[in-house]
file final.pdb (PDB, C-alpha atoms, pLDDT in the B column)
MODEL        1
ATOM      1  CA  MET X 188     135.067  75.340 120.373  1.00 74.00           C
ATOM      2  CA  THR X 189     136.097  73.411 117.317  1.00 92.00           C
ATOM      3  CA  ALA X 190     136.963  74.973 113.996  1.00 91.00           C
ATOM      4  CA  GLU X 191     133.812  73.472 112.523  1.00 92.00           C
ATOM      5  CA  ALA X 192     131.618  75.082 115.193  1.00 91.00           C
ATOM      6  CA  ALA X 193     133.328  78.448 114.684  1.00 92.00           C
ATOM      7  CA  GLU X 194     132.783  78.212 110.947  1.00 94.00           C
ATOM      8  CA  LEU X 195     129.125  77.327 111.489  1.00 93.00           C
ATOM      9  CA  ARG X 196     128.667  80.396 113.722  1.00 94.00           C
ATOM     10  CA  THR X 197     130.264  82.598 111.064  1.00 94.00           C
ATOM     11  CA  VAL X 198     127.971  81.215 108.361  1.00 95.00           C
ATOM     12  CA  ARG X 199     124.923  81.716 110.591  1.00 95.00           C
ATOM     13  CA  ARG X 200     125.901  85.312 111.288  1.00 95.00           C
ATOM     14  CA  TRP X 201     126.281  86.032 107.577  1.00 92.00           C
ATOM     15  CA  LEU X 202     122.946  84.378 106.871  1.00 93.00           C
ATOM     16  CA  TRP X 203     121.225  86.590 109.448  1.00 93.00           C
ATOM     17  CA  ILE X 204     122.853  89.683 107.956  1.00 90.00           C
ATOM     18  CA  PHE X 205     121.680  88.591 104.516  1.00 86.00           C
ATOM     19  CA  ILE X 206     118.119  87.911 105.744  1.00 84.00           C
ATOM     20  CA  VAL X 207     117.897  91.307 107.459  1.00 86.00           C
ATOM     21  CA  CYS X 208     119.139  93.063 104.321  1.00 79.00           C
ATOM     22  CA  LEU X 209     116.706  91.087 102.193  1.00 75.00           C
ATOM     23  CA  VAL X 210     113.767  92.079 104.402  1.00 76.00           C
ATOM     24  CA  LEU X 211     114.850  95.724 104.368  1.00 75.00           C
ATOM     25  CA  SER X 212     115.127  95.707 100.580  1.00 70.00           C
ATOM     26  CA  GLY X 213     111.665  94.181 100.359  1.00 68.00           C
ATOM     27  CA  LEU X 214     110.160  96.787 102.666  1.00 68.00           C
ATOM     28  CA  THR X 215     111.613  99.633 100.642  1.00 64.00           C
ATOM     29  CA  ALA X 216     110.286  98.294  97.339  1.00 64.00           C
ATOM     30  CA  PHE X 217     106.663  99.194  98.121  1.00 66.00           C
ATOM     31  CA  PRO X 218     106.375 103.005  98.283  1.00 75.00           C
ATOM     32  CA  LEU X 219     108.460 104.186  95.335  1.00 80.00           C
ATOM     33  CA  ARG X 220     106.598 107.470  94.871  1.00 84.00           C
ATOM     34  CA  ALA X 221     106.475 108.186  98.595  1.00 84.00           C
ATOM     35  CA  GLU X 222     110.169 107.451  98.953  1.00 83.00           C
ATOM     36  CA  THR X 223     111.133 109.734  96.096  1.00 88.00           C
ATOM     37  CA  ASP X 224     108.832 112.456  97.529  1.00 90.00           C
ATOM     38  CA  TRP X 225     110.680 112.145 100.828  1.00 90.00           C
ATOM     39  CA  ALA X 226     114.146 112.022  99.235  1.00 88.00           C
ATOM     40  CA  LEU X 227     113.398 115.023  97.028  1.00 89.00           C
ATOM     41  CA  ALA X 228     112.064 117.081  99.948  1.00 91.00           C
ATOM     42  CA  LEU X 229     115.107 116.179 102.015  1.00 90.00           C
ATOM     43  CA  ALA X 230     117.500 117.014  99.168  1.00 89.00           C
ATOM     44  CA  HIS X 231     115.901 120.446  98.773  1.00 88.00           C
ATOM     45  CA  ARG X 232     116.190 121.182 102.524  1.00 91.00           C
ATOM     46  CA  VAL X 233     119.772 119.999 102.925  1.00 89.00           C
ATOM     47  CA  PRO X 234     122.563 121.433 100.786  1.00 85.00           C
ATOM     48  CA  ALA X 235     122.791 118.905  97.972  1.00 84.00           C
ATOM     49  CA  PRO X 236     124.722 118.962  94.701  1.00 90.00           C
ATOM     50  CA  ALA X 237     122.781 120.244  91.713  1.00 90.00           C
ATOM     51  CA  LEU X 238     123.438 116.982  89.856  1.00 92.00           C
ATOM     52  CA  LEU X 239     121.783 114.995  92.651  1.00 89.00           C
ATOM     53  CA  LEU X 240     118.759 117.302  92.691  1.00 90.00           C
ATOM     54  CA  ALA X 241     118.393 117.046  88.926  1.00 92.00           C
ATOM     55  CA  TRP X 242     118.605 113.253  89.071  1.00 92.00           C
ATOM     56  CA  LEU X 243     116.050 112.998  91.885  1.00 91.00           C
ATOM     57  CA  ASP X 244     113.702 115.364  90.033  1.00 92.00           C
ATOM     58  CA  ARG X 245     113.974 113.237  86.912  1.00 95.00           C
ATOM     59  CA  VAL X 246     113.403 109.953  88.772  1.00 92.00           C
ATOM     60  CA  HIS X 247     110.421 111.405  90.632  1.00 92.00           C
ATOM     61  CA  ALA X 248     108.882 112.820  87.451  1.00 94.00           C
ATOM     62  CA  GLY X 249     109.380 109.470  85.728  1.00 93.00           C
ATOM     63  CA  LEU X 250     107.640 107.612  88.548  1.00 90.00           C
ATOM     64  CA  ILE X 251     104.709 110.025  88.528  1.00 92.00           C
ATOM     65  CA  GLU X 252     104.298 109.866  84.748  1.00 94.00           C
ATOM     66  CA  THR X 253     104.652 106.098  84.667  1.00 90.00           C
ATOM     67  CA  GLY X 254     102.145 105.728  87.501  1.00 88.00           C
ATOM     68  CA  GLU X 255      99.611 107.891  85.699  1.00 91.00           C
ATOM     69  CA  ARG X 256     100.026 106.294  82.279  1.00 93.00           C
ATOM     70  CA  TYR X 257     100.971 102.705  83.164  1.00 89.00           C
ATOM     71  CA  PRO X 258     100.000 101.967  86.773  1.00 84.00           C
ATOM     72  CA  PHE X 259     100.199  98.205  86.233  1.00 81.00           C
ATOM     73  CA  LEU X 260     103.998  98.429  86.074  1.00 79.00           C
ATOM     74  CA  PHE X 261     104.164  99.062  89.807  1.00 76.00           C
ATOM     75  CA  TYR X 262     102.680  95.643  90.517  1.00 71.00           C
ATOM     76  CA  GLY X 263     106.111  94.216  89.705  1.00 65.00           C
ATOM     77  CA  THR X 264     107.693  96.057  92.621  1.00 66.00           C
ATOM     78  CA  ASP X 265     104.898  94.892  94.918  1.00 60.00           C
ATOM     79  CA  TRP X 266     105.506  91.278  93.974  1.00 63.00           C
ATOM     80  CA  LEU X 267     109.245  91.702  94.265  1.00 62.00           C
ATOM     81  CA  ALA X 268     108.845  93.051  97.785  1.00 62.00           C
ATOM     82  CA  PHE X 269     106.362  90.286  98.636  1.00 63.00           C
ATOM     83  CA  ALA X 270     108.854  87.693  97.433  1.00 65.00           C
ATOM     84  CA  HIS X 271     111.571  89.217  99.600  1.00 60.00           C
ATOM     85  CA  LEU X 272     109.378  89.253 102.661  1.00 63.00           C
ATOM     86  CA  THR X 273     108.106  85.707 102.253  1.00 65.00           C
ATOM     87  CA  SER X 274     111.418  84.095 101.328  1.00 61.00           C
ATOM     88  CA  ASP X 275     112.547  84.005 104.948  1.00 53.00           C
TER      89      ASP X 275
ENDMDL
END

call {"tool": "encode", "arguments": {"input": "final.pdb", "output": "structure tokens"}}
result
Amino acid sequence: MTAEAAELRTVRRWLWIFIVCLVLSGLTAFPLRAETDWALALAHRVPAPALLLAWLDRVHAGLIETGERYPFLFYGTDWLAFAHLTSD
């Protein structure tokens, strides 16, 4: 195998890693409230630092309040995720 072929394989591997990470980041952008519900429940079941619990509580409360008062803001995360999923 030539050096050029080896370099091409390395670039292709990194591109696949990047694409997989991009798809995963797009998939996780949809359910912000559900994800923080899950993370908060998990943090309360598992011994977690008080600072982490306080931060998760604050993030979750902010998402709930924002969703109730300004639900249109979440459309941005939907489009961001859609862009990630369709950019492949």

call {"tool": "closest_residue", "arguments": {"input": "final.pdb", "among": "X:Leu209, X:Trp242, X:Leu195, X:Ile251", "to": "X:Ala221", "atoms": "only C-alpha atoms"}}
result
X:Ile251

call {"tool": "residues_around", "arguments": {"input": "final.pdb", "residues": "X:Ala228", "least_positions_apart": "6", "cutoff": "10 Å", "atoms": "only C-alpha atoms", "output": "list in words"}}
result
Glu222, Leu240 and Leu243 of chain X

call {"tool": "residues_around", "arguments": {"input": "final.pdb", "residues": "X:Trp225", "least_positions_apart": "6", "cutoff": "12 Å", "atoms": "all atoms listed in the file", "output": "ChimeraX atom specification"}}
result
/X:218-219,231-232,243-244,247

call {"tool": "atom_distance", "arguments": {"input": "final.pdb", "atom1": "atom CA of X:Thr189", "atom2": "atom CA of X:Cys208"}}
result
29.0 Å

call {"tool": "axis_aligned_box", "arguments": {"input": "final.pdb", "around": "stretch 192-205 of chain X", "padding_each_side": "8 Å", "output": "JSON"}}
result
{"center_x": 127.3, "center_y": 82.4, "center_z": 109.9, "size_x": 28.1, "size_y": 30.6, "size_z": 26.7}

call {"tool": "atom_distance", "arguments": {"input": "final.pdb", "atom1": "atom CA of X:Leu211", "atom2": "atom CA of X:Ala226"}}
result
17.1 Å

call {"tool": "atom_distance", "arguments": {"input": "final.pdb", "atom1": "atom CA of X:Gly254", "atom2": "atom CA of X:Leu227"}}
result
17.4 Å

call {"tool": "closest_residue", "arguments": {"input": "final.pdb", "among": "X:Ala190, X:Arg220, X:Ile204, X:Leu238", "to": "X:Glu252", "atoms": "only C-alpha atoms"}}
result
X:Arg220
